[in-house]
Amino acid sequence: MQLQCSVLGKDVEITDTAIPVISPYWRLKRNGDWTLLCRYAAGQAEYSMVSPLVGATLSLMDGRLAFRHLCLIVQYAHGFENLEAAEDFVTKVILAANKECDAVVAMTPELEPFVIKMDPLQFTYDSSKSQQQKRPAAPLSLNLMFSNECETNCSYCQSMRRHVPENSLLTTKRWKEVIREAKSLGIEQVTLSGGDPLYRKEALALIAELVSQDMLFQLPTKCFITEEIADRLVEVGMTKPVNQYLREVQLTMDAPSEAADQPGAASGRAVESIQNLQARGFNLRVKAVATPMNAQHIYQWIKQLVELGVTQITVSAYTKTYHKHDDSLSLSSHDKILITQQCERARIDFPELSLRTSGIAPSSSTEAGSSHASSLQPGPIEISVELSDKKTEKIRYWRSRAQCAGGRSSMTIIPDGKVVLCDTVPQDEPFFVGDVSTQSLLEVWNSESLLNFAYPPREKFKGSACYDCGNLEECQSKSGHCFRDSYFNYGAIFGPTANCPMVQKPA
C-alpha cells in the first residue's frame, strides 16, 4: 500500500496549523551516541546523522501537535528567547530534514496507524560523545544467506555457490536466535541473498521467524513455487502487511532469447509459479537479467507478463561477476539503447505497469537506486591536484561512489554462520570477520577482525600506493575501502581499487 505523503515545505506550506509528523517511510533512531534518520524500506539501510537537539525536536513530530504548539514546547524545552526564534529553528529543522530525505510530512488520518510515538528524552545527550563514535553502535541491517545452493545454474548468476555440507550449516535454532537478537538491536530490515533462500529445507521456518519479528525484506527466488509452497508462504505470513508494506516476492525469470522466441520449459515453470503466487494475493515482482541473447526480446517478455496479470517488473543488466564472468553476456551500448527503447514503449503501452531498470540507462530516473541514494552518502572527497580531462572524469566518478555498507551499517551472515562484510567476496578464511555460531551479533560487530576490514589502519596497506597516499584517512572516512575490488583486480585485500584516481591500473 502506497501512502500519500505531502512533504512540508515542498508539497504543502508550513503554517501555524500544519501538523508535522515523521513520514512512515523514515525512522528516527538512537544508535549508541548517534541520532539517525533512517529510510524504512526493504534492503540495506540508508541513513543521515542529526544532532541531539534536532533529534529531540523531530521526536515531537508525532502527529499530535500543530506547528505553533510544537514551537511553544520547543521554545520552553530548548530555552529560546521568544516564540519567533523557536519557530525559525523548527522551520529550519523541517526544511533540513526535507532537503533530500522528505522525512517530515503533513499529518493525515491515513497516516495515523503508522505514526510512532517517541520520548524526546531518548535523544537528549552530550553531543560531544557522538564525535567519538565513527559508525553505528549496532548494525542497521543484515544480509542473510540461508543457502548457497539453487535449483538452477544460470550463466549470469553472481553467486559463488560455495558448497556447505548440511552438517556444517548454521542450525535453524541458531538462525532464529540471531533474528531475535537483530530485532532486539533495533534492526527492522534485512536482505536475503544466496544462493536461493528457498532452497534450504527449513527456509519456510526461517521466513516465518522473520515475519514474526516484523522484519521488512524482499524474498528473491528462482525456485519453482508449487501450490503447496505458495500455501505455506501464506501460512507463515508473507501475504500479511508489515506496517504500510506488503513484503515482496521477486521471482527471477529468463526472458525469451534468440534461441527460443517462445518461452521454454524453464519459463513454463516460471509462469506456473507466477500463477500460483498471484492466485494467493502475493506482492509479486518478476525480474529478468538482460544479456545480448535476450536484448531484442525484452518488450515481448514484458507483454507476456502483463497478459499474465503481472504489474511489477524489473529488467536488470548482466553485471561482471568475479567468480565466473563471461564477457559475452555483457550488454553493449547498442543493446542498452535497444532495451531502453523497448522499456519506454512498454511504459506507454502499459501505463499501470511498474517497470524498473537497473544498469540499462544510468542517466534515467527509473534506474533502480537512483532516487535519494546520494542524499544519504557522505560528502565528496576533496583532492587538490592538477588533472587531465580523463582524470577529471575519473575523480568525479570516485567522488560520487556509494558508501560501502560492510562493517559500517551492515554485515553478511553466510550459510554456515561465518560473517563477511559483503556477499560478493569469496567465502574463504581471509574474509571471515566472525562466526555467529559461537558469537553474538554485537560481539562480531565490535570485533577487531571486523574493524580491521571496515576501518583498516595505514599499516595494512604497506607496499601499496595507498600506504603513502595523503588522502587515505579522508578516503576511508567518506565511502570506505572496497577490499573486494582491490582483491579481484590486484590480488591484494588492502590496496587501491581499479577506479582509484590516484593510481594507474597496470597494463
# chains A, B, ... in the order shown; residues from 1 in each chain; ligands from 1

$ residues_around --residues "Lys129 of chain A" --least-positions-apart "5" --cutoff "10 Å" --atoms "only C-alpha atoms" --output "ChimeraX atom specification"
/A:32-34

$ select_by_dssp --residues "segment 22-228 of chain A" --states "helix (DSSP H, G or I)" --output "ChimeraX atom specification"
/A:52-59,67-78,83-98,109-114,120-123,127-132,166-168,172-184,197-199,203-212,227-228

$ select_by_dssp --residues "segment 20-135 of chain A" --states "strand (DSSP E or B)" --output "number ranges by chain"
A: 20-22, 26-31, 34-39, 47-50, 62, 104-106

$ residues_around --residues "segment 273-287 of chain A" --least-positions-apart "4" --cutoff "9 Å" --atoms "only C-alpha atoms" --output "mmCIF file with N, CA, C and O atoms, in the first residue's frame"
data_model
loop_
_atom_site.group_PDB
_atom_site.id
_atom_site.type_symbol
_atom_site.label_atom_id
_atom_site.label_comp_id
_atom_site.auth_asym_id
_atom_site.auth_seq_id
_atom_site.Cartn_x
_atom_site.Cartn_y
_atom_site.Cartn_z
ATOM 1 N N CYS A 223 13.216 -20.499 -7.497
ATOM 2 C CA CYS A 223 12.671 -21.829 -7.253
ATOM 3 C C CYS A 223 11.283 -21.966 -7.882
ATOM 4 O O CYS A 223 10.572 -20.973 -8.069
ATOM 5 N N PHE A 224 10.921 -23.175 -8.189
ATOM 6 C CA PHE A 224 9.585 -23.468 -8.688
ATOM 7 C C PHE A 224 8.610 -23.379 -7.515
ATOM 8 O O PHE A 224 8.698 -24.135 -6.556
ATOM 9 N N ILE A 225 7.689 -22.415 -7.576
ATOM 10 C CA ILE A 225 6.728 -22.199 -6.496
ATOM 11 C C ILE A 225 5.481 -23.035 -6.783
ATOM 12 O O ILE A 225 4.606 -22.638 -7.556
ATOM 13 N N THR A 226 5.444 -24.193 -6.165
ATOM 14 C CA THR A 226 4.276 -25.057 -6.317
ATOM 15 C C THR A 226 3.108 -24.486 -5.518
ATOM 16 O O THR A 226 3.279 -23.559 -4.710
ATOM 17 N N GLU A 227 1.932 -25.051 -5.711
ATOM 18 C CA GLU A 227 0.775 -24.626 -4.916
ATOM 19 C C GLU A 227 1.038 -24.861 -3.434
ATOM 20 O O GLU A 227 0.644 -24.050 -2.585
ATOM 21 N N ALA A 230 3.399 -22.160 -2.151
ATOM 22 C CA ALA A 230 2.663 -20.896 -2.088
ATOM 23 C C ALA A 230 1.735 -20.880 -0.873
ATOM 24 O O ALA A 230 1.637 -19.867 -0.163
ATOM 25 N N ASP A 231 1.060 -21.993 -0.616
ATOM 26 C CA ASP A 231 0.171 -22.078 0.549
ATOM 27 C C ASP A 231 0.955 -21.935 1.854
ATOM 28 O O ASP A 231 0.501 -21.273 2.795
ATOM 29 N N VAL A 234 1.843 -18.392 2.484
ATOM 30 C CA VAL A 234 0.674 -17.687 3.033
ATOM 31 C C VAL A 234 0.555 -17.965 4.523
ATOM 32 O O VAL A 234 0.336 -17.053 5.338
ATOM 33 N N MET A 238 3.489 -14.253 4.654
ATOM 34 C CA MET A 238 4.058 -13.443 3.585
ATOM 35 C C MET A 238 3.027 -12.583 2.854
ATOM 36 O O MET A 238 3.396 -11.678 2.105
ATOM 37 N N THR A 239 1.753 -12.850 3.034
ATOM 38 C CA THR A 239 0.725 -12.018 2.396
ATOM 39 C C THR A 239 0.098 -11.034 3.390
ATOM 40 O O THR A 239 -0.870 -10.353 3.054
ATOM 41 N N LEU A 246 3.568 -4.529 2.021
ATOM 42 C CA LEU A 246 3.308 -5.945 1.819
ATOM 43 C C LEU A 246 4.598 -6.521 1.253
ATOM 44 O O LEU A 246 5.035 -6.121 0.179
ATOM 45 N N ARG A 247 5.225 -7.407 2.008
ATOM 46 C CA ARG A 247 6.539 -7.910 1.598
ATOM 47 C C ARG A 247 6.495 -8.452 0.177
ATOM 48 O O ARG A 247 5.555 -9.135 -0.212
ATOM 49 N N GLU A 248 7.556 -8.180 -0.559
ATOM 50 C CA GLU A 248 7.597 -8.500 -1.981
ATOM 51 C C GLU A 248 8.289 -9.837 -2.223
ATOM 52 O O GLU A 248 9.313 -10.153 -1.616
ATOM 53 N N VAL A 249 7.719 -10.625 -3.117
ATOM 54 C CA VAL A 249 8.383 -11.810 -3.641
ATOM 55 C C VAL A 249 8.904 -11.452 -5.027
ATOM 56 O O VAL A 249 8.130 -11.046 -5.898
ATOM 57 N N GLN A 250 10.220 -11.556 -5.218
ATOM 58 C CA GLN A 250 10.805 -11.269 -6.529
ATOM 59 C C GLN A 250 11.193 -12.578 -7.192
ATOM 60 O O GLN A 250 12.104 -13.273 -6.758
ATOM 61 N N LEU A 251 10.486 -12.903 -8.249
ATOM 62 C CA LEU A 251 10.724 -14.143 -8.983
ATOM 63 C C LEU A 251 11.567 -13.833 -10.218
ATOM 64 O O LEU A 251 11.156 -13.052 -11.079
ATOM 65 N N THR A 252 12.750 -14.425 -10.298
ATOM 66 C CA THR A 252 13.602 -14.237 -11.475
ATOM 67 C C THR A 252 13.189 -15.219 -12.558
ATOM 68 O O THR A 252 13.007 -16.406 -12.298
ATOM 69 N N MET A 253 13.030 -14.687 -13.772
ATOM 70 C CA MET A 253 12.549 -15.485 -14.902
ATOM 71 C C MET A 253 13.400 -15.160 -16.116
ATOM 72 O O MET A 253 13.729 -13.994 -16.361
ATOM 73 N N ASP A 254 13.768 -16.151 -16.878
ATOM 74 C CA ASP A 254 14.544 -15.911 -18.087
ATOM 75 C C ASP A 254 13.649 -15.331 -19.173
ATOM 76 O O ASP A 254 12.581 -15.878 -19.472
ATOM 77 N N ALA A 255 14.095 -14.210 -19.752
ATOM 78 C CA ALA A 255 13.354 -13.634 -20.875
ATOM 79 C C ALA A 255 13.609 -14.473 -22.122
ATOM 80 O O ALA A 255 14.627 -15.162 -22.226
ATOM 81 N N GLY A 268 8.170 -21.990 -18.641
ATOM 82 C CA GLY A 268 6.862 -22.577 -18.349
ATOM 83 C C GLY A 268 6.672 -22.798 -16.863
ATOM 84 O O GLY A 268 5.601 -22.533 -16.311
ATOM 85 N N ARG A 269 7.738 -23.259 -16.168
ATOM 86 C CA ARG A 269 7.655 -23.419 -14.717
ATOM 87 C C ARG A 269 7.545 -22.070 -14.032
ATOM 88 O O ARG A 269 6.832 -21.938 -13.026
ATOM 89 N N LEU A 305 4.169 -11.004 -19.690
ATOM 90 C CA LEU A 305 3.918 -10.915 -18.256
ATOM 91 C C LEU A 305 2.680 -10.068 -17.957
ATOM 92 O O LEU A 305 1.886 -10.404 -17.073
ATOM 93 N N LEU A 308 -0.292 -11.956 -18.302
ATOM 94 C CA LEU A 308 -0.494 -12.868 -17.178
ATOM 95 C C LEU A 308 -1.002 -12.148 -15.932
ATOM 96 O O LEU A 308 -1.308 -12.786 -14.923
ATOM 97 N N GLY A 309 -1.062 -10.820 -16.007
ATOM 98 C CA GLY A 309 -1.532 -10.042 -14.867
ATOM 99 C C GLY A 309 -0.444 -9.488 -13.980
ATOM 100 O O GLY A 309 -0.722 -8.912 -12.926
ATOM 101 N N VAL A 310 0.819 -9.623 -14.390
ATOM 102 C CA VAL A 310 1.938 -9.089 -13.606
ATOM 103 C C VAL A 310 1.967 -7.567 -13.737
ATOM 104 O O VAL A 310 1.874 -7.030 -14.848
ATOM 105 N N THR A 311 2.104 -6.868 -12.619
ATOM 106 C CA THR A 311 2.088 -5.399 -12.632
ATOM 107 C C THR A 311 3.411 -4.779 -12.199
ATOM 108 O O THR A 311 3.569 -3.564 -12.258
ATOM 109 N N GLN A 312 4.377 -5.617 -11.741
ATOM 110 C CA GLN A 312 5.676 -5.108 -11.301
ATOM 111 C C GLN A 312 6.785 -5.940 -11.950
ATOM 112 O O GLN A 312 6.839 -7.164 -11.779
ATOM 113 N N ILE A 313 7.650 -5.255 -12.687
ATOM 114 C CA ILE A 313 8.688 -5.936 -13.464
ATOM 115 C C ILE A 313 10.009 -5.177 -13.312
ATOM 116 O O ILE A 313 10.027 -3.943 -13.270
ATOM 117 N N THR A 314 11.100 -5.926 -13.257
ATOM 118 C CA THR A 314 12.442 -5.342 -13.249
ATOM 119 C C THR A 314 13.275 -5.962 -14.359
ATOM 120 O O THR A 314 13.291 -7.193 -14.516
ATOM 121 N N VAL A 315 13.961 -5.119 -15.117
ATOM 122 C CA VAL A 315 14.924 -5.574 -16.114
ATOM 123 C C VAL A 315 16.296 -5.109 -15.647
ATOM 124 O O VAL A 315 16.549 -3.912 -15.531
ATOM 125 N N SER A 316 17.167 -6.057 -15.356
ATOM 126 C CA SER A 316 18.475 -5.744 -14.788
ATOM 127 C C SER A 316 19.579 -6.214 -15.721
ATOM 128 O O SER A 316 19.565 -7.355 -16.191
#

$ residues_around --residues "segment 6-17 of chain A" --least-positions-apart "5" --cutoff "8 Å" --atoms "only C-alpha atoms" --output "VMD selection string"
chain A and resid 66 to 68 91 94 to 95 98 102 to 106

$ atom_distance --atom1 "atom CA of Leu36 of chain A" --atom2 "atom CA of Asn471 of chain A"
27.1 Å

$ residues_around --residues "Tyr125 of chain A" --least-positions-apart "6" --cutoff "10 Å" --atoms "only C-alpha atoms" --output "ChimeraX atom specification"
/A:33-35,51-53,56

$ write_last_selection --atoms "N, CA, C and O atoms" --output "CSV table (one decimal), in the first residue's frame"
chain,number,residue,atom,x,y,z
A,33,ASP,N,25.7,6.7,20.6
A,33,ASP,CA,25.7,8.2,20.8
A,33,ASP,C,25.4,8.9,19.5
A,33,ASP,O,25.7,10.1,19.4
A,34,TRP,N,24.7,8.3,18.6
A,34,TRP,CA,24.2,8.9,17.4
A,34,TRP,C,22.7,9.0,17.4
A,34,TRP,O,22.1,8.1,17.9
A,35,THR,N,22.2,10.0,16.7
A,35,THR,CA,20.8,10.0,16.4
A,35,THR,C,20.7,10.0,14.9
A,35,THR,O,21.3,10.7,14.2
A,51,SER,N,21.8,16.1,14.9
A,51,SER,CA,22.3,16.4,16.3
A,51,SER,C,21.3,16.1,17.3
A,51,SER,O,20.1,15.9,17.0
A,52,PRO,N,21.7,15.9,18.6
A,52,PRO,CA,20.7,15.6,19.6
A,52,PRO,C,19.5,16.7,19.7
A,52,PRO,O,18.4,16.3,19.9
A,53,LEU,N,19.9,17.9,19.5
A,53,LEU,CA,18.8,19.0,19.5
A,53,LEU,C,17.8,18.8,18.4
A,53,LEU,O,16.6,18.9,18.6
A,56,ALA,N,15.7,15.5,19.2
A,56,ALA,CA,14.7,15.8,20.2
A,56,ALA,C,13.5,16.5,19.6
A,56,ALA,O,12.4,16.3,19.9

$ residues_around --residues "Cys422 of chain A" --least-positions-apart "5" --cutoff "12 Å" --atoms "only C-alpha atoms" --output "number ranges by chain"
A: 44, 142-145, 159, 191, 193-194, 404-414, 427, 431-433, 450, 453-454, 482-485

$ write_last_selection --atoms "N, CA and C atoms" --output "PDB file, in the first residue's frame"
ATOM      1  N   GLN A  44      19.218  -2.645   2.218  1.00  0.00           N
ATOM      2  CA  GLN A  44      20.205  -2.048   3.098  1.00  0.00           C
ATOM      3  C   GLN A  44      19.713  -0.701   3.611  1.00  0.00           C
ATOM      4  N   LEU A 142      21.004  -6.347   8.119  1.00  0.00           N
ATOM      5  CA  LEU A 142      21.815  -7.544   7.931  1.00  0.00           C
ATOM      6  C   LEU A 142      21.515  -8.147   6.570  1.00  0.00           C
ATOM      7  N   ASN A 143      22.519  -8.803   5.995  1.00  0.00           N
ATOM      8  CA  ASN A 143      22.313  -9.603   4.794  1.00  0.00           C
ATOM      9  C   ASN A 143      22.397 -11.060   5.219  1.00  0.00           C
ATOM     10  N   LEU A 144      21.323 -11.809   5.016  1.00  0.00           N
ATOM     11  CA  LEU A 144      21.239 -13.189   5.479  1.00  0.00           C
ATOM     12  C   LEU A 144      21.275 -14.137   4.289  1.00  0.00           C
ATOM     13  N   MET A 145      22.174 -15.114   4.364  1.00  0.00           N
ATOM     14  CA  MET A 145      22.297 -16.114   3.307  1.00  0.00           C
ATOM     15  C   MET A 145      21.980 -17.482   3.914  1.00  0.00           C
ATOM     16  N   SER A 159      26.427 -15.459  -7.762  1.00  0.00           N
ATOM     17  CA  SER A 159      26.773 -16.177  -6.544  1.00  0.00           C
ATOM     18  C   SER A 159      27.989 -17.074  -6.752  1.00  0.00           C
ATOM     19  N   THR A 191      18.223  -8.120   4.261  1.00  0.00           N
ATOM     20  CA  THR A 191      18.297  -8.539   2.865  1.00  0.00           C
ATOM     21  C   THR A 191      18.527 -10.043   2.827  1.00  0.00           C
ATOM     22  N   SER A 193      19.841 -13.158   0.472  1.00  0.00           N
ATOM     23  CA  SER A 193      20.567 -13.442  -0.761  1.00  0.00           C
ATOM     24  C   SER A 193      21.087 -14.868  -0.695  1.00  0.00           C
ATOM     25  N   GLY A 194      21.950 -15.231  -1.602  1.00  0.00           N
ATOM     26  CA  GLY A 194      22.444 -16.602  -1.639  1.00  0.00           C
ATOM     27  C   GLY A 194      23.256 -16.821  -2.901  1.00  0.00           C
ATOM     28  N   CYS A 404      30.343   2.139   1.161  1.00  0.00           N
ATOM     29  CA  CYS A 404      30.332   0.707   1.453  1.00  0.00           C
ATOM     30  C   CYS A 404      29.625   0.489   2.783  1.00  0.00           C
ATOM     31  N   ALA A 405      28.607  -0.384   2.769  1.00  0.00           N
ATOM     32  CA  ALA A 405      27.849  -0.662   3.994  1.00  0.00           C
ATOM     33  C   ALA A 405      28.535  -1.713   4.860  1.00  0.00           C
ATOM     34  N   GLY A 406      29.444  -2.481   4.296  1.00  0.00           N
ATOM     35  CA  GLY A 406      30.077  -3.578   5.012  1.00  0.00           C
ATOM     36  C   GLY A 406      30.861  -3.125   6.232  1.00  0.00           C
ATOM     37  N   GLY A 407      30.404  -3.515   7.409  1.00  0.00           N
ATOM     38  CA  GLY A 407      31.081  -3.135   8.641  1.00  0.00           C
ATOM     39  C   GLY A 407      30.790  -1.724   9.087  1.00  0.00           C
ATOM     40  N   ARG A 408      30.065  -0.968   8.271  1.00  0.00           N
ATOM     41  CA  ARG A 408      29.724   0.417   8.600  1.00  0.00           C
ATOM     42  C   ARG A 408      28.255   0.560   8.983  1.00  0.00           C
ATOM     43  N   SER A 409      27.406  -0.204   8.338  1.00  0.00           N
ATOM     44  CA  SER A 409      25.996  -0.227   8.734  1.00  0.00           C
ATOM     45  C   SER A 409      25.391  -1.613   8.603  1.00  0.00           C
ATOM     46  N   SER A 410      26.132  -2.546   8.000  1.00  0.00           N
ATOM     47  CA  SER A 410      25.585  -3.877   7.772  1.00  0.00           C
ATOM     48  C   SER A 410      26.702  -4.908   7.753  1.00  0.00           C
ATOM     49  N   MET A 411      26.319  -6.179   7.792  1.00  0.00           N
ATOM     50  CA  MET A 411      27.255  -7.285   7.602  1.00  0.00           C
ATOM     51  C   MET A 411      26.472  -8.485   7.087  1.00  0.00           C
ATOM     52  N   THR A 412      27.195  -9.469   6.553  1.00  0.00           N
ATOM     53  CA  THR A 412      26.574 -10.604   5.878  1.00  0.00           C
ATOM     54  C   THR A 412      26.856 -11.898   6.630  1.00  0.00           C
ATOM     55  N   ILE A 413      25.808 -12.660   6.890  1.00  0.00           N
ATOM     56  CA  ILE A 413      25.950 -13.958   7.540  1.00  0.00           C
ATOM     57  C   ILE A 413      25.743 -15.035   6.479  1.00  0.00           C
ATOM     58  N   ILE A 414      26.748 -15.867   6.261  1.00  0.00           N
ATOM     59  CA  ILE A 414      26.680 -16.891   5.220  1.00  0.00           C
ATOM     60  C   ILE A 414      26.110 -18.184   5.812  1.00  0.00           C
ATOM     61  N   GLN A 427      33.992 -16.758   0.046  1.00  0.00           N
ATOM     62  CA  GLN A 427      33.686 -17.265   1.386  1.00  0.00           C
ATOM     63  C   GLN A 427      34.867 -18.108   1.856  1.00  0.00           C
ATOM     64  N   PHE A 431      38.592 -13.557   4.515  1.00  0.00           N
ATOM     65  CA  PHE A 431      37.486 -12.598   4.519  1.00  0.00           C
ATOM     66  C   PHE A 431      36.526 -12.786   5.696  1.00  0.00           C
ATOM     67  N   PHE A 432      36.719 -13.825   6.496  1.00  0.00           N
ATOM     68  CA  PHE A 432      35.841 -14.047   7.638  1.00  0.00           C
ATOM     69  C   PHE A 432      36.168 -13.047   8.748  1.00  0.00           C
ATOM     70  N   VAL A 433      35.133 -12.420   9.309  1.00  0.00           N
ATOM     71  CA  VAL A 433      35.342 -11.462  10.399  1.00  0.00           C
ATOM     72  C   VAL A 433      34.649 -11.901  11.681  1.00  0.00           C
ATOM     73  N   LEU A 450      36.557  -7.483  12.367  1.00  0.00           N
ATOM     74  CA  LEU A 450      35.652  -6.702  11.526  1.00  0.00           C
ATOM     75  C   LEU A 450      36.153  -5.268  11.361  1.00  0.00           C
ATOM     76  N   PHE A 453      38.818  -4.699   8.852  1.00  0.00           N
ATOM     77  CA  PHE A 453      38.377  -4.722   7.464  1.00  0.00           C
ATOM     78  C   PHE A 453      37.648  -3.432   7.115  1.00  0.00           C
ATOM     79  N   ALA A 454      36.751  -2.999   7.992  1.00  0.00           N
ATOM     80  CA  ALA A 454      35.935  -1.815   7.698  1.00  0.00           C
ATOM     81  C   ALA A 454      36.737  -0.521   7.815  1.00  0.00           C
ATOM     82  N   CYS A 482      36.968  -0.448  -0.628  1.00  0.00           N
ATOM     83  CA  CYS A 482      36.346  -1.629  -1.238  1.00  0.00           C
ATOM     84  C   CYS A 482      37.417  -2.708  -1.410  1.00  0.00           C
ATOM     85  N   PHE A 483      37.593  -3.513  -0.366  1.00  0.00           N
ATOM     86  CA  PHE A 483      38.610  -4.570  -0.412  1.00  0.00           C
ATOM     87  C   PHE A 483      38.259  -5.632  -1.444  1.00  0.00           C
ATOM     88  N   ARG A 484      36.963  -5.767  -1.759  1.00  0.00           N
ATOM     89  CA  ARG A 484      36.555  -6.727  -2.782  1.00  0.00           C
ATOM     90  C   ARG A 484      37.154  -6.359  -4.133  1.00  0.00           C
ATOM     91  N   ASP A 485      36.975  -5.102  -4.546  1.00  0.00           N
ATOM     92  CA  ASP A 485      37.509  -4.671  -5.838  1.00  0.00           C
ATOM     93  C   ASP A 485      39.030  -4.728  -5.865  1.00  0.00           C
TER      94      ASP A 485
END

$ closest_residue --among "A:Ser23, A:Thr221, A:Gln403, A:Thr497" --to "Glu151 of chain A" --atoms "only C-alpha atoms"
A:Thr221

$ residues_around --residues "Leu28 of chain A" --least-positions-apart "6" --cutoff "10 Å" --atoms "only C-alpha atoms" --output "compact mmCIF listing (two decimals) with N, CA and C atoms, in the first residue's frame"
# COMPACT_ATOMS: atom_id res chain seq x y z
N ILE A 22 6.74 12.67 11.34
CA ILE A 22 7.79 11.96 10.61
C ILE A 22 7.13 10.96 9.68
N THR A 35 22.20 9.99 16.74
CA THR A 35 20.78 10.04 16.39
C THR A 35 20.70 9.95 14.87
N LEU A 36 19.96 8.98 14.39
CA LEU A 36 19.91 8.71 12.97
C LEU A 36 18.51 8.86 12.41
N LEU A 37 18.44 9.38 11.20
CA LEU A 37 17.21 9.41 10.43
C LEU A 37 17.40 8.37 9.33
N CYS A 38 16.69 7.24 9.46
CA CYS A 38 16.92 6.08 8.59
C CYS A 38 15.75 5.87 7.64
N ARG A 39 16.05 5.56 6.39
CA ARG A 39 15.00 5.20 5.46
C ARG A 39 14.43 3.83 5.83
N TYR A 40 13.10 3.72 5.87
CA TYR A 40 12.43 2.46 6.19
C TYR A 40 11.92 1.86 4.89
N TYR A 47 20.96 6.15 5.81
CA TYR A 47 20.71 6.99 6.98
C TYR A 47 21.45 8.32 6.90
N SER A 48 20.94 9.27 7.68
CA SER A 48 21.61 10.54 7.90
C SER A 48 21.75 10.76 9.40
N MET A 49 22.82 11.41 9.80
CA MET A 49 23.02 11.75 11.21
C MET A 49 22.41 13.12 11.50
N VAL A 50 21.80 13.26 12.68
CA VAL A 50 21.30 14.56 13.10
C VAL A 50 21.80 14.82 14.53
N GLY A 55 17.31 15.94 16.81
CA GLY A 55 16.63 14.68 17.06
C GLY A 55 15.50 14.82 18.06
N ALA A 56 15.75 15.55 19.15
CA ALA A 56 14.70 15.76 20.16
C ALA A 56 13.53 16.54 19.57
N LEU A 58 12.63 16.58 16.29
CA LEU A 58 11.93 15.68 15.37
C LEU A 58 11.08 14.67 16.12
N SER A 59 11.52 14.23 17.29
CA SER A 59 10.77 13.23 18.05
C SER A 59 9.41 13.75 18.52
N ALA A 103 11.44 13.67 4.92
CA ALA A 103 11.15 12.90 6.14
C ALA A 103 10.05 13.49 6.99
N ILE A 116 4.76 6.61 14.93
CA ILE A 116 5.47 6.05 16.07
C ILE A 116 5.66 7.15 17.11
N MET A 118 7.43 8.73 20.31
CA MET A 118 8.79 8.66 20.84
C MET A 118 8.96 9.55 22.06
N PHE A 123 16.65 11.33 23.07
CA PHE A 123 17.56 11.97 22.12
C PHE A 123 18.32 13.14 22.74

$ atom_distance --atom1 "atom CA of Lys303 of chain A" --atom2 "atom CA of Tyr318 of chain A"
21.1 Å

$ atom_distance --atom1 "atom CA of Gln189 of chain A" --atom2 "atom CA of Gln218 of chain A"
9.4 Å

$ closest_residue --among "A:Val419, A:Leu170, A:Pro256, A:Phe217" --to "Pro241 of chain A" --atoms "only C-alpha atoms"
A:Phe217

$ closest_residue --among "A:Ile207, A:Ala138, A:Val236, A:Ile339" --to "Gly186 of chain A" --atoms "only C-alpha atoms"
A:Ala138

$ closest_residue --among "A:Ala45, A:Cys154, A:Val21, A:Leu140" --to "Lys117 of chain A" --atoms "only C-alpha atoms"
A:Val21

$ closest_residue --among "A:Tyr25, A:Tyr490, A:Phe114, A:Phe80" --to "Asp62 of chain A" --atoms "only C-alpha atoms"
A:Phe114
